[in-house]
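Visitor: First the structure, which I've put down as structure tokens, then a few questions once you've had a look.
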Amino acid sequence: MPPMGRRGDPTARAKDFKGTIKKIINYLGNYKIGVVAVMLCAVLSAVFNIVSPKILGKATTALSEGIMGKITGSGEIDFSYIGKILIIVICLYGVSFLFSMIQSFTMTGITQKLCYKLRKELTEKMNRMPMKYFESRTNGEVLSRITNDVDMFGNGFNQSVTQLITSVTTMIGVVIMMLSISPLMTLITLLILPISLSFISVVMKKSQKYFKQQQEYLGYINGQVEENYSGHLVVKAFGKEKDVIDEFHHTNDTLFESAWKSQFLSGLMMPVMQFVGNLGYAGVVISGAFLAIKGTIQIGDIQAFITYVRNFTQPMQQLAQVTNMMQSMVAAVERVFEFLEEQEEDQITEHAVSVKEVKGIVDFQHVAFGYNPEQIIIKDFNAHVKQGQQIAIVGPTGAGKTTMVKLLMRFYDVNQGEIKLDGYNLKDYNRNELRHAFGMVLQETWLFKGTIMENLRYGRLDATDEEVIAAAKSAHADHFIRTLPNGYDFELNEDATNVSIGQRQLLTIARAILADSPVLILDEATSSVDTRTEQRIQKAMDNLMKGRTSFVIAHRLSTIRNADLILVMKDGDIIEQGNHDALMQQKGFYADLYNAQFA
């Protein structure tokens with residue numbers, strides 16, 4: 001796996017907490033009206049909920065006075081008055097519940113639309129990202145942005161926004177209602193507020209960096225699991241189970257440590273807030289009893305005030321929970337925004353050249369390239385390829401053969417010089433349209449979960465079944481396909497491991513044949529098939545490549561003897577070029593390579 005340092009410092013705190021919140025607000029876009037409606041419903045729900053205890057206190061006062069009057073014989077309990085109050089309170093709570101349901105329904109819809117939008121933009125962003133980004137990161141780390149981080153944002157946003165509005169509204173409304181009952185008791189209750197806020201502030205500062213680290217290492221551990229699962233045969237073959245487990249334990253321990261610390265610190269909020277709230281209860285009871293004895297307030301007011309104290313401390317506890325959620329949410333969505341703000345490839349070129357009539361004339365003019373600008377591996381590459389020629393690129397490992405293909409497809413852009421197609425610089429074409437001009441078969445096969453017919457048709461989506469079958473026959477894949485259960489409707493699994501490596505290679509070749517592109521790139525296309533099948537495929541390839549410009553990378557030099565031009569590469573430069581016979585007569589580097597294979 002790549003070293004951790006290449007992905008940034010995992011122990012760093014959120015780079016810009018306030019800035020990320022602003023980005024979320026700006027990202028809401030067309031949903032801002034909906035969010036305002038959610039806020040209004042949340043406020044109204046809280047208001048109706050706040051008013052109810054004071055009205056209910058009147059019923060308590062009426063009941064207590066009626067009981068005392070009955071005891072002293074000076075009056076009776078007015079059940080009619082008490083009943084009216086109870087009906088009013090029930091209606092108020094009902095309206096509060098209705099507004100709460102509306103805001104919950106609306107907020108859930110907005111959140112899911114935002115998550116849908118984020119996933120859509122992340123997926124589209126992936127298609128615009130340069131190859132070097134993915135080659136420097138694990139698949140699990142990238143996928144974690146789309147899955148874990150978006151889900152974390154969705155859950156946090158859905159709960160924290162409404163909870164924050166409701167809690168703040170409730171606290172303000174409760175303070176107003178408490179002041180209307182007793183300023184002294186309100187002052188005692190409010191003394192707990194600075195204590196709570198100070199504690200929340202300290203916990204937020206200490207726990208934020210652990211929430212950030214938790215999200216970082218969640219991506220790392222996903223990458224390790226995905227990497228080791230897909231390569232488990234290699235791990236077992238080399239007996240590296242212990243090393244893999246040790247590496248996993250190291251990352252898992254760090255994830256455990258950061259998750260434990262973040263959850264522990266945020267979990268401290270609830271018990272401390274409850275303790276502070278209980279202190280407020282004690283102060284209210286003592287002061288309320290004193291004021292009731294003096295006749296300053298009534299019994300119903302004490303009952304209502306105690307309810308308000310509970311309604312005051314509860315939102316404070318909820319704010320602590322919201323703080324926890326928002327820290328996780330911001331840490332997660334910050335990673336999402338970081339990905340969305342990564343540098344992209346230029347997809348569109350102004351006044352782009354059309355690829356509809358591409359002939360396949362390719363020129364490499366003084367091409368220089370290095371994956372790292374300080375380490376140039378292709379120094380001065382020059383070649384002219386005529387239309388319909390079959391060009392073989394040979395050379396030792398690391399000579400730059402596959403790199404030339406990546407440059408031709410514009411997976412990377414050259415550092416110096418230029419590559420031309422039909423006389424136009426590759427940069428004069430729209431990147432995506434340019435790649436439509438190339439048919440490609442790589443050494444590493446890629447097939448997706450689906451039927452063989454669907455995988456082959458990926459080369460040209462509008463192809464008929466007859467055209468797909470004809471392409472399979474040309475690649476000598478038709479015979480083995482018909483031996484499988486359901487034939488062309490045979491379902492390949494996720495990694496296509498339910499067919500052999502050689503059969504997978506045949507399917508990718510058939511897919512390239514079906515694409516019928518004017519330029520072909522074959523990178524070790526027959527490396528995974530047996531010699532007999534290779535000979536049959538080679539004949540089909542020879543027919544396929546007639547009239548098309550073809551670039552063939554091969555280590556088996558016997559497969560490229562009929563090439564029109566062989567480019568011999570070494571250390572990033574072409575040191576020899578010509579057809580097979582001419583190069584053998586030179587008795588140079590190519591001749592040594594060829595003789596070494598057939599010695």
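Labels for the structure tokens follow display order: chains A, B, ..., residues from 1 in each chain, ligands from 1.
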What lies within 10 Å of Val333 (chain A) using only C-alpha atoms, ignoring chain neighbours under 3 positions off, as a list of chain:residue names?

Guide: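 Using only C-alpha atoms, the neighbours found are A:Thr20, A:Ile21, A:Lys23, A:Ile24, A:Leu118, A:Arg145, A:Asp149, A:Val150, A:Asp151, A:Met152, A:Phe153, A:Gly154, A:Ser328, A:Met329, A:Val330, A:Val336, A:Phe337, A:Glu338, A:Phe339.
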
Visitor: If you count only C-alpha atoms, which residues fall within 8 Å of Ser287 (chain A), apart from same-chain ones fewer than 4 positions away, as a list in words?

Guide: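 The filter keeps Met185, Gly283 and Leu291 of chain A.
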
Visitor: Using C-alpha atoms, can you export the residues from the last selection as a PDB file, in the first residue's frame?

Guide:
```
ATOM      1  CA  MET A 185     -35.765  31.492  39.604  1.00  0.00           C
ATOM      2  CA  GLY A 283     -31.979  25.530  42.863  1.00  0.00           C
ATOM      3  CA  LEU A 291     -41.452  32.146  46.906  1.00  0.00           C
TER       4      LEU A 291
END
```

Visitor: Smallest atom-to-atom distance to Val367 (chain A): which of A:Ala512, A:Ile574, A:Val235, A:Ile469, using only C-alpha atoms?

Guide: A:Ile574

Visitor: Please identify all polymer residues within 8 Å of Asp523 (chain A), counting only C-alpha atoms, omitting same-chain residues fewer than 5 positions from it, and present them as a PDB file with C-alpha atoms, in the first residue's frame.

Guide:
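Okay, part13.pdb is ready:
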```pdb
ATOM      1  CA  THR A 402       3.127   1.184 -21.847  1.00  0.00           C
ATOM      2  CA  MET A 440      -7.733  -0.922 -26.568  1.00  0.00           C
ATOM      3  CA  VAL A 441      -6.895  -4.330 -25.123  1.00  0.00           C
ATOM      4  CA  LEU A 442      -4.819  -4.214 -21.970  1.00  0.00           C
ATOM      5  CA  GLN A 443      -2.706  -6.842 -20.292  1.00  0.00           C
ATOM      6  CA  VAL A 552       1.183  -3.626 -30.489  1.00  0.00           C
ATOM      7  CA  ILE A 553       3.202  -3.987 -27.299  1.00  0.00           C
ATOM      8  CA  ALA A 554       4.553  -7.503 -26.971  1.00  0.00           C
TER       9      ALA A 554
END
```

Visitor: So that I can see what lies close to Ser167 (chain A), please list as an MDAnalysis selection string the residues with an atom at most 10 Å from it, counting only C-alpha atoms and leaving out residues fewer than 5 positions away in the same chain.

Guide: chainID A and resid 42:43 46 161:162 172:173 311:319 322

Visitor: Save the residues we just selected, all heavy atoms, as a CSV table (one decimal), in the first residue's frame?

Guide:
```csv
chain,number,residue,atom,x,y,z
A,42,ALA,N,-39.9,24.1,12.4
A,42,ALA,CA,-39.3,23.8,13.7
A,42,ALA,C,-39.5,24.8,14.8
A,42,ALA,O,-39.8,24.5,15.9
A,42,ALA,CB,-37.8,23.6,13.4
A,43,VAL,N,-39.5,26.1,14.4
A,43,VAL,CA,-39.8,27.2,15.3
A,43,VAL,C,-41.2,27.1,15.8
A,43,VAL,O,-41.5,27.2,17.0
A,43,VAL,CB,-39.5,28.6,14.7
A,43,VAL,CG1,-40.0,29.7,15.6
A,43,VAL,CG2,-38.0,28.7,14.4
A,46,ALA,N,-41.7,24.3,18.2
A,46,ALA,CA,-41.1,24.6,19.5
A,46,ALA,C,-42.0,25.6,20.3
A,46,ALA,O,-42.2,25.4,21.5
A,46,ALA,CB,-39.7,25.1,19.3
A,161,VAL,N,-29.4,19.8,11.8
A,161,VAL,CA,-30.1,21.1,11.4
A,161,VAL,C,-31.4,21.4,12.2
A,161,VAL,O,-31.6,22.4,12.8
A,161,VAL,CB,-30.3,21.2,9.9
A,161,VAL,CG1,-31.1,22.5,9.5
A,161,VAL,CG2,-29.0,21.3,9.1
A,162,THR,N,-32.3,20.4,12.1
A,162,THR,CA,-33.6,20.5,12.7
A,162,THR,C,-33.4,20.6,14.3
A,162,THR,O,-34.1,21.3,15.0
A,162,THR,CB,-34.5,19.4,12.4
A,162,THR,OG1,-33.9,18.1,12.6
A,162,THR,CG2,-34.9,19.5,10.9
A,172,ILE,N,-34.6,29.8,23.9
A,172,ILE,CA,-35.0,31.2,23.9
A,172,ILE,C,-36.5,31.3,24.4
A,172,ILE,O,-36.7,32.2,25.3
A,172,ILE,CB,-34.9,31.8,22.5
A,172,ILE,CG1,-33.4,31.8,22.1
A,172,ILE,CG2,-35.5,33.2,22.5
A,172,ILE,CD1,-33.2,32.3,20.7
A,173,GLY,N,-37.3,30.5,23.9
A,173,GLY,CA,-38.7,30.6,24.3
A,173,GLY,C,-38.9,30.2,25.8
A,173,GLY,O,-39.7,30.8,26.5
A,311,ASN,N,-37.2,21.5,30.1
A,311,ASN,CA,-37.2,21.9,28.7
A,311,ASN,C,-36.0,22.7,28.4
A,311,ASN,O,-35.6,22.9,27.2
A,311,ASN,CB,-38.5,22.6,28.4
A,311,ASN,CG,-39.7,21.7,28.3
A,311,ASN,OD1,-39.5,20.4,28.3
A,311,ASN,ND2,-40.9,22.2,28.4
A,312,PHE,N,-35.4,23.4,29.4
A,312,PHE,CA,-34.2,24.2,29.2
A,312,PHE,C,-32.9,23.4,29.1
A,312,PHE,O,-32.0,23.6,28.3
A,312,PHE,CB,-34.1,25.3,30.3
A,312,PHE,CG,-33.0,26.2,30.1
A,312,PHE,CD1,-33.0,27.2,29.1
A,312,PHE,CD2,-31.9,26.2,30.9
A,312,PHE,CE1,-31.9,28.0,28.9
A,312,PHE,CE2,-30.8,27.0,30.7
A,312,PHE,CZ,-30.8,28.0,29.7
A,313,THR,N,-32.8,22.4,30.1
A,313,THR,CA,-31.6,21.6,30.1
A,313,THR,C,-31.6,20.5,29.0
A,313,THR,O,-30.5,20.1,28.5
A,313,THR,CB,-31.5,20.9,31.5
A,313,THR,OG1,-32.7,20.1,31.7
A,313,THR,CG2,-31.3,21.9,32.6
A,314,GLN,N,-32.8,20.1,28.6
A,314,GLN,CA,-32.9,19.0,27.6
A,314,GLN,C,-32.3,19.6,26.2
A,314,GLN,O,-31.5,18.9,25.6
A,314,GLN,CB,-34.3,18.6,27.4
A,314,GLN,CG,-34.4,17.4,26.4
A,314,GLN,CD,-35.8,16.9,26.3
A,314,GLN,OE1,-36.8,17.6,26.7
A,314,GLN,NE2,-36.0,15.7,25.8
A,315,PRO,N,-32.7,20.8,25.8
A,315,PRO,CA,-32.1,21.3,24.5
A,315,PRO,C,-30.6,21.5,24.7
A,315,PRO,O,-29.8,21.4,23.7
A,315,PRO,CB,-32.8,22.6,24.3
A,315,PRO,CG,-33.8,22.8,25.3
A,315,PRO,CD,-33.8,21.6,26.2
A,316,MET,N,-30.1,21.8,25.9
A,316,MET,CA,-28.7,22.0,26.1
A,316,MET,C,-28.0,20.6,25.9
A,316,MET,O,-26.9,20.5,25.2
A,316,MET,CB,-28.4,22.5,27.5
A,316,MET,CG,-28.8,24.0,27.7
A,316,MET,SD,-28.5,24.6,29.3
A,316,MET,CE,-26.7,24.6,29.2
A,317,GLN,N,-28.6,19.6,26.3
A,317,GLN,CA,-28.1,18.2,26.1
A,317,GLN,C,-28.1,17.9,24.6
A,317,GLN,O,-27.2,17.3,24.1
A,317,GLN,CB,-28.8,17.2,26.9
A,317,GLN,CG,-28.7,17.4,28.4
A,317,GLN,CD,-29.7,16.6,29.2
A,317,GLN,OE1,-30.4,15.8,28.7
A,317,GLN,NE2,-29.7,16.8,30.5
A,318,GLN,N,-29.2,18.3,24.0
A,318,GLN,CA,-29.4,18.0,22.6
A,318,GLN,C,-28.3,18.8,21.8
A,318,GLN,O,-27.8,18.3,20.8
A,318,GLN,CB,-30.8,18.4,22.1
A,318,GLN,CG,-31.9,17.4,22.7
A,318,GLN,CD,-33.3,17.9,22.4
A,318,GLN,OE1,-33.5,19.1,22.0
A,318,GLN,NE2,-34.3,17.1,22.5
A,319,LEU,N,-28.0,20.0,22.2
A,319,LEU,CA,-27.0,20.8,21.5
A,319,LEU,C,-25.6,20.1,21.6
A,319,LEU,O,-24.8,20.2,20.7
A,319,LEU,CB,-26.9,22.2,22.2
A,319,LEU,CG,-27.9,23.2,21.7
A,319,LEU,CD1,-27.8,24.5,22.5
A,319,LEU,CD2,-27.8,23.5,20.2
A,322,VAL,N,-25.8,17.5,19.1
A,322,VAL,CA,-25.7,18.1,17.7
A,322,VAL,C,-24.3,18.5,17.5
A,322,VAL,O,-23.8,18.3,16.3
A,322,VAL,CB,-26.6,19.4,17.7
A,322,VAL,CG1,-26.3,20.2,16.5
A,322,VAL,CG2,-28.1,19.0,17.7
```

Visitor: Restricting the calculation to only C-alpha atoms: of A:Gly360, A:Gly57, A:Gly34, A:Gly223, which residue gets closest to Lys420 (chain A)?

Guide: A:Gly360

Visitor: Quick one: everything within 10 Å of Leu426 (chain A), counting only C-alpha atoms, minus sequence neighbours fewer than 5 positions away in the same chain. Send it as a list of chain:residue names.

Guide: A:Ala352, A:Val353, A:Val362, A:Leu407, A:Leu408, A:Met409, A:Arg410, A:Asp413, A:Glu418, A:Ile419, A:Lys420, A:Leu421, A:Arg431, A:Leu434

Visitor: Can you write just those residues out, N, CA and C atoms, as a short mmCIF file (atom, residue, chain, number, x, y, z; two decimals), in the first residue's frame?

Guide:
```cif
data_model
loop_
_atom_site.label_atom_id
_atom_site.label_comp_id
_atom_site.auth_asym_id
_atom_site.auth_seq_id
_atom_site.Cartn_x
_atom_site.Cartn_y
_atom_site.Cartn_z
N ALA A 352 -12.55 22.30 -31.10
CA ALA A 352 -11.96 20.96 -31.14
C ALA A 352 -12.08 20.33 -32.53
N VAL A 353 -11.08 19.51 -32.85
CA VAL A 353 -11.07 18.78 -34.13
C VAL A 353 -11.98 17.56 -33.99
N VAL A 362 -0.09 8.95 -37.17
CA VAL A 362 0.39 9.35 -35.85
C VAL A 362 1.84 9.80 -35.94
N LEU A 407 0.28 7.96 -23.09
CA LEU A 407 0.39 9.30 -23.69
C LEU A 407 -0.48 9.40 -24.93
N LEU A 408 -0.52 8.34 -25.71
CA LEU A 408 -1.32 8.33 -26.93
C LEU A 408 -2.81 8.47 -26.60
N MET A 409 -3.25 7.87 -25.50
CA MET A 409 -4.66 7.94 -25.09
C MET A 409 -4.95 9.20 -24.25
N ARG A 410 -3.91 9.99 -24.01
CA ARG A 410 -4.01 11.19 -23.17
C ARG A 410 -4.45 10.88 -21.76
N ASP A 413 -0.40 13.88 -20.20
CA ASP A 413 0.06 14.78 -21.26
C ASP A 413 1.58 14.87 -21.23
N GLU A 418 5.27 17.01 -28.82
CA GLU A 418 3.84 16.82 -29.08
C GLU A 418 3.60 15.52 -29.82
N ILE A 419 2.38 15.01 -29.63
CA ILE A 419 1.91 13.83 -30.35
C ILE A 419 0.78 14.29 -31.24
N LYS A 420 0.84 13.93 -32.52
CA LYS A 420 -0.18 14.36 -33.48
C LYS A 420 -0.95 13.17 -34.02
N LEU A 421 -2.23 13.39 -34.24
CA LEU A 421 -3.09 12.41 -34.88
C LEU A 421 -3.70 13.07 -36.11
N ARG A 431 -10.93 15.37 -25.09
CA ARG A 431 -10.28 14.18 -24.54
C ARG A 431 -11.15 12.93 -24.68
N LEU A 434 -11.51 11.85 -28.30
CA LEU A 434 -10.26 11.27 -28.79
C LEU A 434 -10.18 9.79 -28.46
#
```

Visitor: Could you work out how far CA of Ala471 (chain A) lies from CA of Met131 (chain A), giving the answer in Å with one decimal?

Guide: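 About the pair CA of Met131 (chain A) and CA of Ala471 (chain A): they are 29.6 Å apart.
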
Visitor: Please report the interatomic distance between CA of Glu135 (chain A) and CA of Asp246 (chain A) in Å with one decimal.

Guide: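 Computed distance, CA of Glu135 (chain A) to CA of Asp246 (chain A), equals 24.0 Å.
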
Visitor: Which residues, written as a list in words, have at least one atom at most 10 Å from Tyr133 (chain A), with only C-alpha atoms counted and residues fewer than 6 positions away on the same chain left out?

Guide: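 Neighbouring residues, sequence-local ones excluded: Met126, Val142, Glu342, Gln343 and Glu344 of chain A.
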
Visitor: Taking C-alpha atoms for each residue, export the selection above as a PDB file, in the first residue's frame.

Guide:
```
ATOM      1  CA  MET A 126     -14.073  10.652 -11.003  1.00  0.00           C
ATOM      2  CA  VAL A 142     -11.596   6.875  -3.035  1.00  0.00           C
ATOM      3  CA  GLU A 342      -9.182  18.353  -6.891  1.00  0.00           C
ATOM      4  CA  GLN A 343      -7.565  19.447 -10.146  1.00  0.00           C
ATOM      5  CA  GLU A 344      -9.286  17.957 -13.191  1.00  0.00           C
TER       6      GLU A 344
END
```

Visitor: Taking into account only C-alpha atoms, which residue in the set A:Asn278, A:Ser104, A:Gln387, A:Thr403 is nearest to Asp564 (chain A)?

Guide: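 Counting only C-alpha atoms, the residue closest to Asp564 (chain A) is A:Gln387.
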
Visitor: For a quick check of understanding, using only C-alpha atoms, which of A:Thr445, A:Asp422, A:Lys546, A:Leu484 has the smallest distance to Thr508 (chain A)?

Guide: A:Thr445

Visitor: Which residue, A:Glu334, A:Asp301, A:Glu433, A:Glu257, has the smallest gap to Ser354 (chain A) when you use only C-alpha atoms?

Guide: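 Result for the nearest residue to Ser354 (chain A): A:Glu433.
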
Visitor: Which residue gives the smallest distance to Val202 (chain A) among A:Asn455, A:Leu265, A:Phe290, A:Ile87, with only C-alpha atoms counted?

Guide: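 Closest to Val202 (chain A) of all the choices is A:Leu265.
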
Visitor: Distance CA of Gly423 (chain A)-CA of Ala392 (chain A), one decimal place?

Guide: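 Atom-to-atom, CA of Gly423 (chain A) and CA of Ala392 (chain A) are spaced 21.1 Å apart.
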
Visitor: Mind checking DSSP for region 178-424 of chain A and telling me the strand (DSSP E or B) residues as a ChimeraX atom specification?

Guide: /A:362-369,372,375,378-385,390-394,416-421,424

Visitor: Can you write out the residues you just picked, keeping N, CA, C and O atoms, as a compact mmCIF listing (two decimals), in the first residue's frame?

Guide:
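That gives us result_12.txt:
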```txt
# COMPACT_ATOMS: atom_id res chain seq x y z
N VAL A 362 -0.09 8.95 -37.17
CA VAL A 362 0.39 9.35 -35.85
C VAL A 362 1.84 9.80 -35.94
O VAL A 362 2.67 9.14 -36.59
N ASP A 363 2.12 10.94 -35.31
CA ASP A 363 3.49 11.46 -35.27
C ASP A 363 3.89 11.75 -33.82
O ASP A 363 3.15 12.43 -33.09
N PHE A 364 5.05 11.22 -33.43
CA PHE A 364 5.66 11.56 -32.14
C PHE A 364 6.83 12.50 -32.46
O PHE A 364 7.77 12.11 -33.15
N GLN A 365 6.76 13.72 -31.94
CA GLN A 365 7.78 14.71 -32.27
C GLN A 365 8.47 15.21 -31.00
O GLN A 365 7.88 15.94 -30.21
N HIS A 366 9.69 14.73 -30.78
CA HIS A 366 10.52 15.15 -29.65
C HIS A 366 9.76 15.05 -28.32
O HIS A 366 9.76 15.98 -27.51
N VAL A 367 9.11 13.90 -28.12
CA VAL A 367 8.29 13.71 -26.92
C VAL A 367 9.19 13.43 -25.72
O VAL A 367 10.08 12.57 -25.76
N ALA A 368 8.96 14.18 -24.65
CA ALA A 368 9.63 13.96 -23.37
C ALA A 368 8.57 13.87 -22.28
O ALA A 368 7.61 14.66 -22.27
N PHE A 369 8.74 12.91 -21.37
CA PHE A 369 7.71 12.71 -20.35
C PHE A 369 8.30 12.02 -19.13
O PHE A 369 9.19 11.17 -19.24
N ASN A 372 7.08 11.91 -12.74
CA ASN A 372 7.58 12.98 -11.89
C ASN A 372 8.43 13.89 -12.77
O ASN A 372 9.38 13.43 -13.39
N GLN A 375 12.03 13.41 -12.90
CA GLN A 375 12.58 12.13 -13.35
C GLN A 375 11.97 11.80 -14.72
O GLN A 375 10.96 11.10 -14.82
N ILE A 378 11.03 9.23 -20.60
CA ILE A 378 11.06 9.28 -22.07
C ILE A 378 11.68 10.62 -22.44
O ILE A 378 11.11 11.67 -22.17
N LYS A 379 12.83 10.55 -23.08
CA LYS A 379 13.65 11.76 -23.22
C LYS A 379 13.46 12.46 -24.57
O LYS A 379 13.24 13.66 -24.62
N ASP A 380 13.51 11.73 -25.66
CA ASP A 380 13.39 12.37 -26.98
C ASP A 380 12.85 11.34 -27.96
O ASP A 380 13.60 10.71 -28.70
N PHE A 381 11.52 11.18 -27.94
CA PHE A 381 10.88 10.12 -28.72
C PHE A 381 10.37 10.71 -30.03
O PHE A 381 9.60 11.66 -30.04
N ASN A 382 10.81 10.11 -31.15
CA ASN A 382 10.37 10.57 -32.47
C ASN A 382 9.96 9.37 -33.31
O ASN A 382 10.68 8.36 -33.35
N ALA A 383 8.82 9.48 -33.96
CA ALA A 383 8.38 8.40 -34.86
C ALA A 383 7.26 8.92 -35.74
O ALA A 383 6.47 9.79 -35.35
N HIS A 384 7.21 8.40 -36.96
CA HIS A 384 6.12 8.73 -37.89
C HIS A 384 5.42 7.43 -38.27
O HIS A 384 6.05 6.48 -38.75
N VAL A 385 4.12 7.36 -38.04
CA VAL A 385 3.33 6.16 -38.30
C VAL A 385 2.32 6.48 -39.39
O VAL A 385 1.49 7.40 -39.23
N GLN A 390 1.03 -1.40 -38.99
CA GLN A 390 1.07 -2.13 -37.74
C GLN A 390 2.42 -1.83 -37.08
O GLN A 390 3.47 -2.19 -37.59
N ILE A 391 2.37 -1.16 -35.95
CA ILE A 391 3.57 -0.73 -35.25
C ILE A 391 3.74 -1.58 -34.01
O ILE A 391 2.84 -1.64 -33.16
N ALA A 392 4.86 -2.22 -33.91
CA ALA A 392 5.18 -3.00 -32.72
C ALA A 392 6.17 -2.22 -31.87
O ALA A 392 7.12 -1.63 -32.38
N ILE A 393 5.90 -2.18 -30.57
CA ILE A 393 6.80 -1.51 -29.63
C ILE A 393 7.37 -2.59 -28.71
O ILE A 393 6.63 -3.27 -28.00
N VAL A 394 8.68 -2.77 -28.75
CA VAL A 394 9.33 -3.82 -27.95
C VAL A 394 10.45 -3.19 -27.13
O VAL A 394 10.91 -2.08 -27.41
N GLN A 416 7.15 17.70 -22.81
CA GLN A 416 7.70 18.48 -23.93
C GLN A 416 7.36 17.76 -25.23
O GLN A 416 7.06 16.57 -25.25
N GLY A 417 7.46 18.51 -26.32
CA GLY A 417 7.14 17.92 -27.63
C GLY A 417 5.65 17.79 -27.81
O GLY A 417 4.85 18.37 -27.07
N GLU A 418 5.27 17.01 -28.82
CA GLU A 418 3.84 16.82 -29.08
C GLU A 418 3.60 15.52 -29.82
O GLU A 418 4.47 14.98 -30.50
N ILE A 419 2.38 15.01 -29.63
CA ILE A 419 1.91 13.83 -30.35
C ILE A 419 0.78 14.29 -31.24
O ILE A 419 -0.15 14.97 -30.78
N LYS A 420 0.84 13.93 -32.52
CA LYS A 420 -0.18 14.36 -33.48
C LYS A 420 -0.95 13.17 -34.02
O LYS A 420 -0.39 12.08 -34.22
N LEU A 421 -2.23 13.39 -34.24
CA LEU A 421 -3.09 12.41 -34.88
C LEU A 421 -3.70 13.07 -36.11
O LEU A 421 -4.40 14.08 -36.00
N TYR A 424 -2.94 16.79 -36.33
CA TYR A 424 -3.40 17.68 -35.26
C TYR A 424 -2.85 17.21 -33.92
O TYR A 424 -2.83 16.00 -33.63
```
